[in-house]
file final_37.cif (mmCIF, C-alpha atoms)
data_model
loop_
_atom_site.label_atom_id
_atom_site.label_comp_id
_atom_site.auth_asym_id
_atom_site.auth_seq_id
_atom_site.Cartn_x
_atom_site.Cartn_y
_atom_site.Cartn_z
CA GLY A 215 43.58 -17.00 19.03
CA GLY A 216 42.33 -17.40 15.45
CA GLU A 217 38.84 -16.54 14.19
CA LYS A 218 36.05 -18.97 15.06
CA SER A 219 34.31 -20.91 12.37
CA PRO A 220 30.61 -20.15 11.73
CA GLU A 221 29.72 -23.42 13.46
CA GLU A 222 31.74 -22.52 16.58
CA GLU A 223 30.40 -18.95 16.60
CA SER A 224 26.81 -20.13 16.52
CA LYS A 225 27.39 -22.21 19.67
CA THR A 226 28.33 -19.11 21.67
CA ARG A 227 25.09 -17.21 20.98
CA ASN A 228 21.57 -17.62 22.22
CA TYR A 229 19.29 -18.09 19.23
CA ASN A 230 16.20 -18.98 21.23
CA ASN A 231 14.38 -15.79 20.20
CA ILE A 232 15.81 -15.37 16.73
CA VAL A 233 14.10 -16.58 13.58
CA GLU A 234 16.37 -17.01 10.61
CA LEU A 235 15.01 -15.23 7.55
CA LYS A 236 15.69 -16.76 4.17
CA PRO A 237 15.37 -14.72 0.96
CA THR A 238 12.21 -15.57 -0.92
CA PRO A 239 12.15 -14.76 -4.65
CA MET A 240 9.33 -12.24 -5.12
CA GLU A 241 8.52 -13.66 -8.54
CA LYS A 242 6.80 -16.56 -6.81
CA HIS A 243 4.26 -14.18 -5.31
CA HIS A 244 4.02 -11.60 -8.09
CA PRO A 245 0.46 -10.21 -8.39
CA ALA A 246 0.59 -10.73 -12.14
CA ASP A 247 0.46 -14.48 -11.50
CA ILE A 248 -2.82 -14.13 -9.64
CA GLU A 249 -5.71 -13.72 -12.04
CA ARG A 250 -7.86 -11.58 -9.78
CA PHE A 251 -5.07 -9.02 -9.43
CA SER A 252 -3.94 -9.01 -13.04
CA SER A 253 -5.95 -5.96 -14.15
CA LEU A 254 -4.85 -3.83 -11.19
CA HIS A 255 -1.27 -4.91 -11.69
CA SER A 256 -1.39 -3.83 -15.33
CA ILE A 257 -2.75 -0.42 -14.38
CA LEU A 258 -0.09 0.06 -11.70
CA MET A 259 2.63 -0.84 -14.19
CA ALA A 260 1.21 1.52 -16.82
CA ARG A 261 0.73 4.62 -14.65
CA ARG A 262 3.13 7.43 -15.49
CA SER A 263 3.05 11.18 -14.96
CA CYS A 264 2.06 12.79 -18.24
CA ARG A 265 2.86 16.44 -19.01
CA ASP A 266 2.27 16.31 -22.74
CA PHE A 267 -1.38 17.14 -23.46
CA SER A 268 -3.08 18.01 -26.72
CA LYS A 269 -4.40 21.57 -26.64
CA THR A 270 -7.40 20.65 -28.78
CA ALA A 271 -8.39 17.10 -27.82
CA PHE A 272 -11.50 16.62 -25.70
CA ILE A 273 -12.49 13.94 -23.22
CA GLN A 274 -15.88 12.45 -22.40
CA LEU A 275 -17.92 13.59 -19.41
CA ASP A 276 -18.25 9.90 -18.49
CA ASP A 277 -14.47 9.73 -18.09
CA VAL A 278 -14.50 12.77 -15.82
CA ALA A 279 -17.28 11.10 -13.82
CA ASP A 280 -15.20 7.93 -13.42
CA MET A 281 -12.17 9.88 -12.19
CA CYS A 282 -14.30 11.83 -9.72
CA PHE A 283 -15.84 8.61 -8.45
CA ALA A 284 -12.45 6.99 -7.96
CA CYS A 285 -11.28 10.06 -6.06
CA GLN A 286 -14.25 10.77 -3.78
CA GLY A 287 -17.21 8.72 -4.98
CA LYS A 288 -19.77 7.18 -2.61
CA THR A 289 -19.25 3.44 -2.26
CA MET A 290 -21.50 2.57 0.69
CA GLU A 291 -24.45 3.97 2.61
CA ALA A 292 -23.70 5.39 6.06
CA PRO A 293 -23.16 2.63 8.65
CA PRO A 294 -23.78 3.19 12.37
CA VAL A 295 -21.04 4.77 14.48
CA ASP A 296 -18.66 1.98 15.47
CA ALA A 297 -16.65 1.26 18.61
CA LEU A 298 -13.72 3.34 17.34
CA GLY A 299 -15.89 6.40 16.83
CA HIS A 300 -15.94 6.39 13.06
CA ASP A 301 -18.63 8.80 11.90
CA SER A 302 -21.92 7.64 10.48
CA LYS A 303 -21.32 9.03 6.99
CA PRO A 304 -21.57 7.40 3.57
CA ARG A 305 -18.26 5.74 2.75
CA ARG A 306 -16.14 6.96 -0.15
CA ALA A 307 -13.67 5.36 -2.54
CA ALA A 308 -10.67 6.73 -0.61
CA PRO A 309 -10.32 5.98 3.13
CA SER A 310 -10.64 8.75 5.69
CA GLY A 311 -9.37 9.04 9.26
CA GLY A 312 -12.35 8.57 11.57
CA ALA A 313 -14.61 8.47 8.49
CA ALA A 314 -14.67 12.27 8.82
CA TYR A 315 -14.28 12.92 5.07
CA PRO A 316 -12.88 16.45 5.22
CA LEU A 317 -12.02 16.57 1.51
CA ASN A 318 -13.89 18.37 -1.26
CA LEU A 319 -13.28 17.80 -4.94
CA TYR A 320 -13.55 20.52 -7.59
CA VAL A 321 -13.20 20.12 -11.33
CA ALA A 322 -11.93 22.92 -13.57
CA VAL A 323 -13.09 22.40 -17.15
CA ALA A 324 -11.38 24.05 -20.13
CA GLN A 325 -13.47 25.64 -22.88
CA GLY A 326 -14.89 23.00 -25.25
CA ARG A 327 -12.75 20.18 -23.85
CA VAL A 328 -15.33 17.99 -22.05
CA HIS A 329 -18.18 16.52 -24.10
CA GLU A 330 -21.39 14.75 -23.20
CA LYS A 331 -22.34 11.53 -24.99
CA GLN A 332 -24.14 13.35 -27.79
CA GLY A 333 -21.03 15.39 -28.48
CA THR A 334 -22.18 18.60 -26.80
CA PRO A 335 -19.43 20.32 -24.77
CA ILE A 336 -20.30 21.31 -21.22
CA ASP A 337 -19.68 24.87 -20.07
CA SER A 338 -16.16 25.73 -18.99
CA GLY A 339 -15.62 26.78 -15.41
CA LEU A 340 -15.16 25.40 -11.92
CA TYR A 341 -17.50 22.64 -10.73
CA ARG A 342 -17.90 20.95 -7.36
CA TYR A 343 -18.26 17.18 -7.21
CA GLU A 344 -21.12 16.00 -5.00
CA SER A 345 -20.16 12.55 -3.75
CA ASN A 346 -23.57 11.40 -2.54
CA GLU A 347 -25.32 12.35 -5.78
CA HIS A 348 -22.37 11.54 -8.08
CA ALA A 349 -22.93 14.85 -9.83
CA LEU A 350 -21.08 18.02 -10.80
CA VAL A 351 -22.54 21.29 -9.50
CA GLY A 352 -21.66 24.43 -11.44
CA PRO A 353 -20.15 26.27 -13.06
CA LEU A 354 -19.57 28.05 -9.77
CA GLY A 355 -19.24 31.80 -9.52
CA ALA A 356 -15.82 33.08 -8.53
CA LYS A 357 -13.71 36.24 -8.68
CA TYR A 358 -11.74 34.97 -11.66
CA ASP A 359 -14.81 35.53 -13.87
CA GLU A 360 -14.46 39.28 -13.37
CA SER A 361 -10.71 39.78 -13.18
CA HIS A 362 -9.19 37.33 -15.68
CA ASP A 363 -9.37 36.64 -19.39
CA ASP A 364 -8.54 32.96 -18.82
CA ASP A 365 -11.07 30.28 -18.00
CA ALA A 366 -11.04 28.57 -14.60
CA LEU A 367 -8.52 25.98 -15.69
CA GLY A 368 -6.17 28.62 -17.05
CA VAL A 369 -6.35 30.60 -13.83
CA LEU A 370 -5.66 27.51 -11.75
CA ALA A 371 -2.69 26.62 -13.94
CA LYS A 372 -1.17 30.03 -13.27
CA THR A 373 -1.25 29.43 -9.51
CA SER A 374 1.43 26.73 -10.00
CA VAL A 375 5.06 27.39 -9.13
CA PRO A 376 7.60 26.91 -11.97
CA HIS A 377 10.48 24.45 -11.82
CA ASP A 378 13.75 26.16 -10.88
CA ASN A 379 15.63 24.58 -13.79
CA ALA A 380 13.06 25.28 -16.53
CA ALA A 381 13.73 28.64 -18.16
CA PHE A 382 10.48 28.68 -20.14
CA GLU A 383 8.47 28.03 -16.96
CA LEU A 384 10.36 30.70 -15.05
CA ALA A 385 9.66 33.15 -17.87
CA ALA A 386 5.95 32.31 -17.75
CA THR A 387 5.99 32.27 -13.91
CA HIS A 388 4.07 28.96 -13.80
CA GLN A 389 4.11 25.37 -15.05
CA THR A 390 2.84 26.04 -18.55
CA TRP A 391 1.94 22.46 -19.50
CA ILE A 392 -0.90 22.41 -16.97
CA GLY A 393 -2.93 24.85 -19.07
CA ASP A 394 -3.02 22.34 -21.94
CA ALA A 395 -5.07 19.81 -19.96
CA ALA A 396 -8.79 19.33 -20.56
CA VAL A 397 -9.63 19.22 -16.85
CA LEU A 398 -7.97 19.80 -13.51
CA LEU A 399 -9.11 18.02 -10.36
CA LEU A 400 -8.58 20.24 -7.34
CA ILE A 401 -8.70 18.54 -3.93
CA THR A 402 -9.21 20.75 -0.89
CA GLY A 403 -9.44 19.79 2.77
CA ASN A 404 -10.98 21.35 5.85
CA HIS A 405 -8.88 20.31 8.85
CA GLU A 406 -11.54 21.48 11.30
CA ILE A 407 -13.82 18.63 10.23
CA THR A 408 -11.27 16.04 11.31
CA ALA A 409 -10.07 18.02 14.34
CA SER A 410 -13.63 18.37 15.66
CA LYS A 411 -13.63 14.65 16.45
CA GLY A 412 -11.12 15.36 19.21
CA GLY A 413 -8.49 13.02 20.64
CA LEU A 414 -6.06 11.54 18.15
CA TYR A 415 -8.01 13.05 15.25
CA GLU A 416 -7.50 16.57 16.61
CA ARG A 417 -3.83 15.92 17.31
CA PHE A 418 -3.08 14.39 13.91
CA CYS A 419 -5.68 16.13 11.75
CA ASP A 420 -3.17 17.75 9.37
CA PRO A 421 -1.13 14.62 8.54
CA LEU A 422 -4.35 12.62 8.28
CA ILE A 423 -5.74 15.02 5.70
CA LEU A 424 -2.50 15.01 3.73
CA LEU A 425 -2.51 11.21 3.75
CA GLU A 426 -6.15 11.12 2.67
CA THR A 427 -5.49 13.60 -0.13
CA GLY A 428 -2.66 11.47 -1.46
CA MET A 429 -4.80 8.34 -1.48
CA ALA A 430 -7.67 10.12 -3.21
CA ALA A 431 -5.33 11.59 -5.82
CA GLU A 432 -3.75 8.21 -6.52
CA ASN A 433 -7.20 6.71 -7.06
CA ALA A 434 -7.94 9.36 -9.68
CA LEU A 435 -4.57 8.81 -11.37
CA LEU A 436 -5.12 5.06 -11.58
CA MET A 437 -8.59 5.56 -13.01
CA ALA A 438 -7.20 7.94 -15.62
CA THR A 439 -4.64 5.29 -16.56
CA ALA A 440 -7.36 2.65 -16.83
CA LEU A 441 -9.29 4.97 -19.17
CA GLY A 442 -6.25 5.52 -21.36
CA LEU A 443 -5.86 9.16 -20.31
CA GLY A 444 -2.71 11.01 -19.36
CA ALA A 445 -2.60 12.59 -15.90
CA CYS A 446 -0.09 14.13 -13.53
CA PRO A 447 -0.30 15.20 -9.87
CA VAL A 448 0.73 18.77 -9.00
CA GLY A 449 1.46 19.91 -5.47
CA ALA A 450 3.35 23.15 -6.14
CA LEU A 451 0.38 25.52 -6.10
CA GLU A 452 0.17 28.89 -4.36
CA GLN A 453 -2.66 28.44 -1.89
CA ALA A 454 -3.18 32.17 -1.45
CA ALA A 455 -3.59 32.62 -5.21
CA ILE A 456 -6.15 29.82 -5.36
CA LEU A 457 -8.15 31.31 -2.52
CA ASP A 458 -7.94 34.75 -4.11
CA GLY A 459 -9.39 33.49 -7.37
CA PHE A 460 -11.75 30.78 -6.21
CA GLY A 461 -12.40 31.25 -2.50
CA SER A 462 -15.97 32.40 -3.07
CA ALA A 463 -16.72 29.14 -4.88
CA PHE A 464 -15.53 26.88 -2.08
CA ILE A 465 -17.94 25.30 0.41
CA SER A 466 -15.94 26.67 3.32
CA GLN A 467 -13.32 29.38 3.66
CA LYS A 468 -11.45 26.88 5.85
CA GLU A 469 -10.54 24.76 2.82
#
call {"tool": "encode", "arguments": {"input": "final_37.cif", "output": "structure tokens"}}
result
Amino acid sequence: GGEKSPEEESKTRNYNNIVELKPTPMEKHHPADIERFSSLHSILMARRSCRDFSKTAFIQLDDVADMCFACQGKTMEAPPVDALGHDSKPRRAAPSGGAAYPLNLYVAVAQGRVHEKQGTPIDSGLYRYESNEHALVGPLGAKYDESHDDDALGVLAKTSVPHDNAAFELAATHQTWIGDAAVLLLITGNHEITASKGGLYERFCDPLILLETGMAAENALLMATALGLGACPVGALEQAAILDGFGSAFISQKE
């Protein structure tokens, strides 16, 4: 009545459909050992959320362009509609469910903080990134111009929700560090664009857009890291406050 040995136990079981898995040391397959992945691996290892920005430093417009491209830039001309019903639209750097591309990218620029190559700062305000032309359109008109003393970036920063355990943020009623950044990339999505494809895209349009937003944001964060810039994603924003201040600047009120 004693316990069976491992050898005896194995004879009583049917292992015909079981494959024994042996641990494989991951170091043998580490991307850093593969030359073509080494640069990406270094960027992934270096990426950190940065909340410590200089209030006076500026960045180059070329760097903003690179981050916008990584987020929503055009990477391929529109192919024909395929067997899965993917739309015939130019492809972008971040994947999109059904190739619907429901996202829009806006860039809020702080006063004097983004410079062209010759050292001239571009106007502060809210710009829209045009993927097909790889261009910024703006500054766009919005209600904040009339009702706030802050620039567009400052107004956007104040739509953030403070951390519960940060007394200085609670006192300011927003995440104060955001206002020190040179630019803010604001990603919006119109779920009706994805839902209009019907079928699975209509049923799962909201999670698809959230997934797409995350992938686009990560692309921008990795590009910022590659450029030697600090960046941090922020999701705690009051949507109603954003629409109140910037709704007139958006392409669609459905964003």
call {"tool": "closest_residue", "arguments": {"input": "final_37.cif", "among": "A:Ala409, A:Leu457, A:Ala395, A:Ile401", "to": "Ile273 (chain A)", "atoms": "only C-alpha atoms"}}
result
A:Ala395
call {"tool": "resolve_selection", "arguments": {"input": "final_37.cif", "expression": "the PyMOL selection byres ((chain A and resi 390) around 12)", "output": "JSON, numbers by chain"}}
result
{"A": [265, 266, 267, 269, 367, 368, 369, 370, 371, 372, 373, 374, 375, 376, 377, 380, 381, 382, 383, 384, 385, 386, 387, 388, 389, 391, 392, 393, 394, 395]}
call {"tool": "closest_residue", "arguments": {"input": "final_37.cif", "among": "A:Ala396, A:Gly459, A:Gly403, A:Asn379", "to": "Leu275 (chain A)", "atoms": "only C-alpha atoms"}}
result
A:Ala396
call {"tool": "resolve_selection", "arguments": {"input": "final_37.cif", "expression": "the PyMOL selection byres ((chain A and resi 348-354) around 12)", "output": "PyMOL selection string"}}
result
chain A and resi 275-276+278-289+306+318-325+336-347+355-359+365-367+399+459-465
call {"tool": "resolve_selection", "arguments": {"input": "final_37.cif", "expression": "the PyMOL selection byres ((chain A and resi 424) around 12)", "output": "list of chain:residue names"}}
result
A:Pro309, A:Ser310, A:Gly311, A:Pro316, A:Leu317, A:Ile401, A:Thr402, A:Gly403, A:Asn404, A:His405, A:Thr408, A:Phe418, A:Cys419, A:Asp420, A:Pro421, A:Leu422, A:Ile423, A:Leu425, A:Glu426, A:Thr427, A:Gly428, A:Met429, A:Ala430, A:Ala431, A:Gly449
call {"tool": "write_last_selection", "arguments": {"input": "final_37.cif", "atoms": "C-alpha atoms", "output": "PDB file, in the frame of the given file"}}
result
ATOM      1  CA  PRO A 309     -10.320   5.980   3.130  1.00  0.00           C
ATOM      2  CA  SER A 310     -10.640   8.750   5.690  1.00  0.00           C
ATOM      3  CA  GLY A 311      -9.370   9.040   9.260  1.00  0.00           C
ATOM      4  CA  PRO A 316     -12.880  16.450   5.220  1.00  0.00           C
ATOM      5  CA  LEU A 317     -12.020  16.570   1.510  1.00  0.00           C
ATOM      6  CA  ILE A 401      -8.700  18.540  -3.930  1.00  0.00           C
ATOM      7  CA  THR A 402      -9.210  20.750  -0.890  1.00  0.00           C
ATOM      8  CA  GLY A 403      -9.440  19.790   2.770  1.00  0.00           C
ATOM      9  CA  ASN A 404     -10.980  21.350   5.850  1.00  0.00           C
ATOM     10  CA  HIS A 405      -8.880  20.310   8.850  1.00  0.00           C
ATOM     11  CA  THR A 408     -11.270  16.040  11.310  1.00  0.00           C
ATOM     12  CA  PHE A 418      -3.080  14.390  13.910  1.00  0.00           C
ATOM     13  CA  CYS A 419      -5.680  16.130  11.750  1.00  0.00           C
ATOM     14  CA  ASP A 420      -3.170  17.750   9.370  1.00  0.00           C
ATOM     15  CA  PRO A 421      -1.130  14.620   8.540  1.00  0.00           C
ATOM     16  CA  LEU A 422      -4.350  12.620   8.280  1.00  0.00           C
ATOM     17  CA  ILE A 423      -5.740  15.020   5.700  1.00  0.00           C
ATOM     18  CA  LEU A 425      -2.510  11.210   3.750  1.00  0.00           C
ATOM     19  CA  GLU A 426      -6.150  11.120   2.670  1.00  0.00           C
ATOM     20  CA  THR A 427      -5.490  13.600  -0.130  1.00  0.00           C
ATOM     21  CA  GLY A 428      -2.660  11.470  -1.460  1.00  0.00           C
ATOM     22  CA  MET A 429      -4.800   8.340  -1.480  1.00  0.00           C
ATOM     23  CA  ALA A 430      -7.670  10.120  -3.210  1.00  0.00           C
ATOM     24  CA  ALA A 431      -5.330  11.590  -5.820  1.00  0.00           C
ATOM     25  CA  GLY A 449       1.460  19.910  -5.470  1.00  0.00           C
TER      26      GLY A 449
END
call {"tool": "closest_residue", "arguments": {"input": "final_37.cif", "among": "A:Lys411, A:Arg305, A:Arg327, A:Lys468", "to": "Leu398 (chain A)", "atoms": "only C-alpha atoms"}}
result
A:Arg327
call {"tool": "atom_distance", "arguments": {"input": "final_37.cif", "atom1": "CA of Arg417 (chain A)", "atom2": "CA of Asp296 (chain A)"}}
result
20.4 Å
call {"tool": "atom_distance", "arguments": {"input": "final_37.cif", "atom1": "CA of Phe272 (chain A)", "atom2": "CA of Val397 (chain A)"}}
result
9.4 Å
call {"tool": "atom_distance", "arguments": {"input": "final_37.cif", "atom1": "CA of Glu452 (chain A)", "atom2": "CA of Glu469 (chain A)"}}
result
13.5 Å
call {"tool": "closest_residue", "arguments": {"input": "final_37.cif", "among": "A:Gly412, A:Gln332, A:Ala271, A:Ser256", "to": "His300 (chain A)", "atoms": "all atoms listed in the file"}}
result
A:Gly412
call {"tool": "closest_residue", "arguments": {"input": "final_37.cif", "among": "A:Ala260, A:Leu298, A:Leu400, A:Leu441", "to": "Gln453 (chain A)", "atoms": "all atoms listed in the file"}}
result
A:Leu400
call {"tool": "residues_around", "arguments": {"input": "final_37.cif", "residues": "Cys446 (chain A)", "least_positions_apart": "2", "cutoff": "7 Å", "atoms": "all atoms listed in the file", "output": "NGL selection string"}}
result
:A and (263-265 or 448)
call {"tool": "closest_residue", "arguments": {"input": "final_37.cif", "among": "A:Asp378, A:Asp364, A:Asp277, A:Asp301", "to": "Ser410 (chain A)", "atoms": "all atoms listed in the file"}}
result
A:Asp301
